[in-house]
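Text of the file entry23.cif, holding mmCIF, C-alpha atoms:
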```cif
data_coords
#
loop_
_atom_site.label_atom_id
_atom_site.label_comp_id
_atom_site.auth_asym_id
_atom_site.auth_seq_id
_atom_site.Cartn_x
_atom_site.Cartn_y
_atom_site.Cartn_z
CA MET A 216 92.04 123.46 111.14
CA ASP A 217 95.13 125.66 110.98
CA GLN A 218 97.88 123.82 109.12
CA ASN A 219 100.67 126.28 109.92
CA PRO A 220 103.36 124.71 112.09
CA SER A 221 102.66 125.19 115.78
CA GLN A 222 105.39 126.18 118.20
CA LYS A 223 105.56 122.52 119.27
CA GLU A 224 106.00 121.40 115.64
CA GLN A 225 108.70 124.01 115.04
CA ILE A 226 110.72 122.27 117.76
CA MET A 227 109.62 118.70 117.00
CA LEU A 228 110.39 118.69 113.27
CA PRO A 229 114.10 119.65 113.44
CA PHE A 230 114.44 117.34 116.45
CA SER A 231 112.96 114.41 114.51
CA VAL A 232 115.20 115.08 111.48
CA VAL A 233 118.31 115.14 113.70
CA SER A 234 117.01 112.01 115.44
CA GLY A 235 116.76 110.28 112.06
CA ILE A 236 120.36 111.20 111.24
CA LEU A 237 121.59 110.06 114.68
CA MET A 238 119.57 106.83 114.32
CA CYS A 239 121.46 106.10 111.10
CA LYS A 240 124.86 106.72 112.69
CA THR A 241 123.98 104.63 115.76
CA VAL A 242 122.60 101.68 113.78
CA TYR A 243 125.56 101.91 111.36
CA ASP A 244 127.98 101.54 114.28
CA ILE A 245 125.94 98.80 116.00
CA THR A 246 125.68 96.86 112.72
CA GLY A 247 129.47 96.81 112.42
CA LYS A 248 130.00 95.68 116.01
CA VAL A 249 127.28 93.01 115.99
CA SER A 250 128.23 91.74 112.52
CA SER A 251 131.87 91.29 113.52
CA GLN A 252 130.72 89.13 116.44
CA LEU A 253 127.97 87.13 114.71
CA TYR A 254 129.29 86.69 111.16
CA LYS A 255 132.82 85.35 110.94
CA GLY A 256 133.22 86.55 107.35
CA TYR A 257 132.57 90.21 108.26
CA ASN A 258 136.11 90.92 109.46
CA GLY A 259 137.49 89.55 106.18
CA LEU A 260 135.41 91.90 104.04
CA LYS A 261 137.03 94.73 102.10
CA THR A 262 136.54 98.17 103.64
CA LYS A 263 134.10 99.21 100.90
CA ASP A 264 132.00 96.09 101.54
CA LYS A 265 131.95 96.77 105.30
CA ILE A 266 130.74 100.31 104.60
CA GLU A 267 127.94 99.06 102.37
CA TRP A 268 127.13 96.25 104.85
CA ASN A 269 126.69 98.74 107.68
CA ASN A 270 124.84 101.17 105.43
CA ARG A 271 122.36 98.45 104.55
CA GLY A 272 121.97 97.80 108.27
CA PHE A 273 120.54 101.24 108.93
CA SER A 274 118.61 101.11 105.67
CA THR A 275 116.91 97.92 106.86
CA PHE A 276 116.25 99.35 110.32
CA HIS A 277 114.67 102.50 108.84
CA SER A 278 112.52 100.48 106.46
CA LEU A 279 111.17 98.27 109.25
CA VAL A 280 110.29 101.26 111.44
CA VAL A 281 108.61 103.31 108.70
CA THR A 282 106.73 100.34 107.31
CA VAL A 283 105.21 99.45 110.68
CA VAL A 284 104.34 103.02 111.66
CA SER A 285 103.07 103.99 108.19
CA PHE A 286 100.92 100.85 108.11
CA TYR A 287 99.47 101.84 111.47
CA LEU A 288 98.82 105.42 110.36
CA VAL A 289 97.28 104.55 106.98
CA PHE A 290 95.24 101.45 107.86
CA ILE A 291 94.62 101.33 111.62
CA SER A 292 94.57 104.83 113.12
CA ASP A 293 91.66 107.18 112.57
CA ILE A 294 93.78 110.04 111.23
CA PHE A 295 93.28 109.13 107.56
CA LYS A 296 89.89 107.41 107.78
CA GLU A 297 87.19 108.95 105.64
CA ASP A 298 84.70 110.75 107.83
CA PRO A 299 81.99 112.97 106.38
CA HIS A 300 81.81 114.82 109.72
CA ASN A 301 85.50 115.73 109.69
CA PRO A 302 85.89 119.17 108.08
CA VAL A 303 89.59 118.55 107.36
CA THR A 304 90.22 116.95 103.97
CA LEU A 305 92.35 113.81 103.73
CA THR A 306 95.15 115.77 102.09
CA GLU A 307 95.34 118.19 105.03
CA ARG A 308 95.27 115.65 107.85
CA LYS A 309 98.35 115.04 109.94
CA SER A 310 99.34 114.09 113.45
CA HIS A 311 102.40 114.51 115.64
CA LEU A 312 103.25 110.84 114.99
CA SER A 313 102.92 111.28 111.24
CA SER A 314 105.07 114.43 111.26
CA SER A 315 107.67 112.86 113.56
CA LEU A 316 108.00 109.76 111.40
CA GLN A 317 108.39 111.88 108.28
CA GLY A 318 111.05 113.95 110.06
CA ILE A 319 112.92 110.78 111.02
CA SER A 320 112.63 109.54 107.43
CA LEU A 321 113.90 112.88 106.15
CA GLY A 322 116.90 112.47 108.46
CA TYR A 323 117.43 108.95 107.12
CA PHE A 324 117.29 110.08 103.48
CA ILE A 325 119.70 112.96 104.21
CA ALA A 326 122.18 110.63 105.97
CA ASP A 327 121.93 107.95 103.28
CA PHE A 328 122.22 110.57 100.52
CA ALA A 329 125.36 111.98 102.16
CA MET A 330 126.92 108.50 102.25
CA ILE A 331 125.97 107.83 98.63
CA VAL A 332 127.56 111.10 97.51
CA TRP A 333 130.64 110.65 99.74
CA PHE A 334 131.33 107.13 98.45
CA PHE A 335 129.94 107.65 94.94
CA PRO A 336 129.50 105.41 93.01
CA SER A 337 130.19 102.54 95.46
CA LEU A 338 126.83 102.76 97.27
CA GLY A 339 124.75 103.48 94.18
CA GLY A 340 124.69 105.36 90.93
CA MET A 341 122.72 108.34 89.70
CA GLU A 342 119.42 106.49 90.16
CA TYR A 343 120.09 106.38 93.91
CA VAL A 344 121.01 110.07 93.93
CA LEU A 345 117.78 110.93 92.09
CA HIS A 346 115.70 108.65 94.34
CA HIS A 347 117.07 110.28 97.48
CA LEU A 348 116.74 113.84 96.17
CA LEU A 349 113.10 113.20 95.24
CA ALA A 350 112.40 111.65 98.66
CA ILE A 351 114.07 114.58 100.45
CA PHE A 352 112.11 117.07 98.34
CA SER A 353 108.77 115.28 98.79
CA ILE A 354 109.05 114.83 102.54
CA SER A 355 110.33 118.39 103.02
CA LEU A 356 107.41 119.75 100.99
CA THR A 357 104.91 117.73 103.00
CA LEU A 358 106.41 118.78 106.32
CA THR A 359 106.58 122.47 105.43
CA SER A 360 103.10 122.63 103.86
CA GLY A 361 101.38 120.32 106.34
CA LYS A 362 99.61 118.64 103.42
CA GLY A 363 99.93 115.24 101.78
CA HIS A 364 100.88 113.17 104.82
CA LEU A 365 98.63 110.33 103.66
CA TYR A 366 100.42 110.17 100.31
CA VAL A 367 103.91 110.20 101.81
CA HIS A 368 102.99 107.43 104.25
CA THR A 369 101.50 105.40 101.41
CA LEU A 370 104.81 105.79 99.54
CA LEU A 371 106.80 104.94 102.68
CA LEU A 372 104.95 101.60 102.74
CA THR A 373 107.06 100.64 99.71
CA GLU A 374 110.05 100.59 102.07
CA ALA A 375 108.70 97.16 103.09
CA THR A 376 110.68 95.69 100.17
CA THR A 377 114.03 97.05 101.41
CA PRO A 378 114.86 94.27 103.91
CA PHE A 379 114.44 91.68 101.15
CA VAL A 380 116.64 93.62 98.72
CA ASN A 381 119.28 94.01 101.44
CA LEU A 382 119.04 90.35 102.46
CA ARG A 383 119.68 89.36 98.86
CA TRP A 384 122.79 91.58 98.82
CA TYR A 385 124.04 90.12 102.15
CA LEU A 386 123.53 86.56 100.90
CA ASP A 387 125.27 87.36 97.61
CA LEU A 388 128.27 88.84 99.43
CA ALA A 389 128.40 85.79 101.71
CA GLY A 390 128.30 83.47 98.68
CA LYS A 391 124.91 82.07 99.68
CA LYS A 392 122.65 83.83 97.19
CA SER A 393 121.30 80.54 95.84
CA ALA A 394 120.61 79.18 99.35
#
```

Will you turn the file into structure tokens for me?
Amino acid sequence: MDQNPSQKEQIMLPFSVVSGILMCKTVYDITGKVSSQLYKGYNGLKTKDKIEWNNRGFSTFHSLVVTVVSFYLVFISDIFKEDPHNPVTLTERKSHLSSSLQGISLGYFIADFAMIVWFFPSLGGMEYVLHHLLAIFSISLTLTSGKGHLYVHTLLLTEATTPFVNLRWYLDLAGKKSA
């Protein structure tokens, strides 16, 4: 199987990265609007806390999407199932869904990295910078080589912890961490 990007992939990959960035901006804005309506304490937050609140909104949204789709790809779909009759090794297998999700995740990591750098160190220290740079590098390498999709999706499954980390932060900010 030829692993060089097809003409369709050459269009799809930049589109999915831009979609990931736009998803972050959209969810960031929606989080602010919905939070101001549903949580009375939101409007009283300091500007820096509102920025982090909304940032964690798109972080949570991304983590839910990639966890569900990566779980499907790794455990349910046939793309990464061992098959002695499939001449393509596990490390070389990919699908349009797997590439699209990685492109969206790359867009997310770029957008989140940009916010971390712009508001440094409010949204995270050097460990966040390093984490995002490694994620951007790893996903970019996988997308450009066409190899290692299984490994990236296995790592993206760790995003399942993000909603809980963010919930803890929200509860702490709301003074309900011990609730």

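The shortest atom-to-atom distance to Leu386 of chain A, with only C-alpha atoms taken into account, belongs to A:Trp268 out of A:Trp268, A:Met238, A:Asp327, A:Phe273.
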
Once the PyMOL selection byres ((chain A and resi 371) around 10) is applied to the coordinates I shared, what remains selected? I want it as number ranges by chain.
A: 278, 281-286, 317, 320, 350, 365-370, 372-375

Best match for closeness to Ala389 of chain A among A:Asp264, A:Asp244, A:Glu224, A:Asp293, counting all atoms listed in the file
A:Asp264

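Across A:Asn258, A:Ser315, A:Ser250, A:Thr275, the tightest approach to Val233 of chain A is made by A:Ser315 when counting only C-alpha atoms.
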
Could you check how far atom CA of Leu321 of chain A sits from atom CA of Thr357 of chain A, in Å to one decimal?
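Separation between atom CA of Leu321 of chain A and atom CA of Thr357 of chain A: 10.7 Å.
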
Need to verify the contact set: Ile226 of chain A, 12 Å, all atoms listed in the file, exclusion of same-chain residues closer than 6 positions in sequence. Can you return it as a compact mmCIF listing (two decimals) with C-alpha atoms, in the coordinates of the input?
```
# COMPACT_ATOMS: atom_id res chain seq x y z
CA PRO A 220 103.36 124.71 112.09
CA VAL A 232 115.20 115.08 111.48
CA VAL A 233 118.31 115.14 113.70
CA HIS A 311 102.40 114.51 115.64
CA SER A 314 105.07 114.43 111.26
CA SER A 315 107.67 112.86 113.56
CA GLY A 318 111.05 113.95 110.06
```

Using 4 Å of padding on each side, determine the axis-aligned box around all atoms of segment 376-388 of chain A present in the file and give its centre and edge lengths in Å to one decimal, as lines of an AutoDock Vina configuration file.
```
center_x = 119.5
center_y = 91.8
center_z = 100.8
size_x = 25.6
size_y = 18.5
size_z = 14.3
```

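Here atom CA of Asp387 of chain A and atom CA of Thr262 of chain A stand 16.7 Å from one another.
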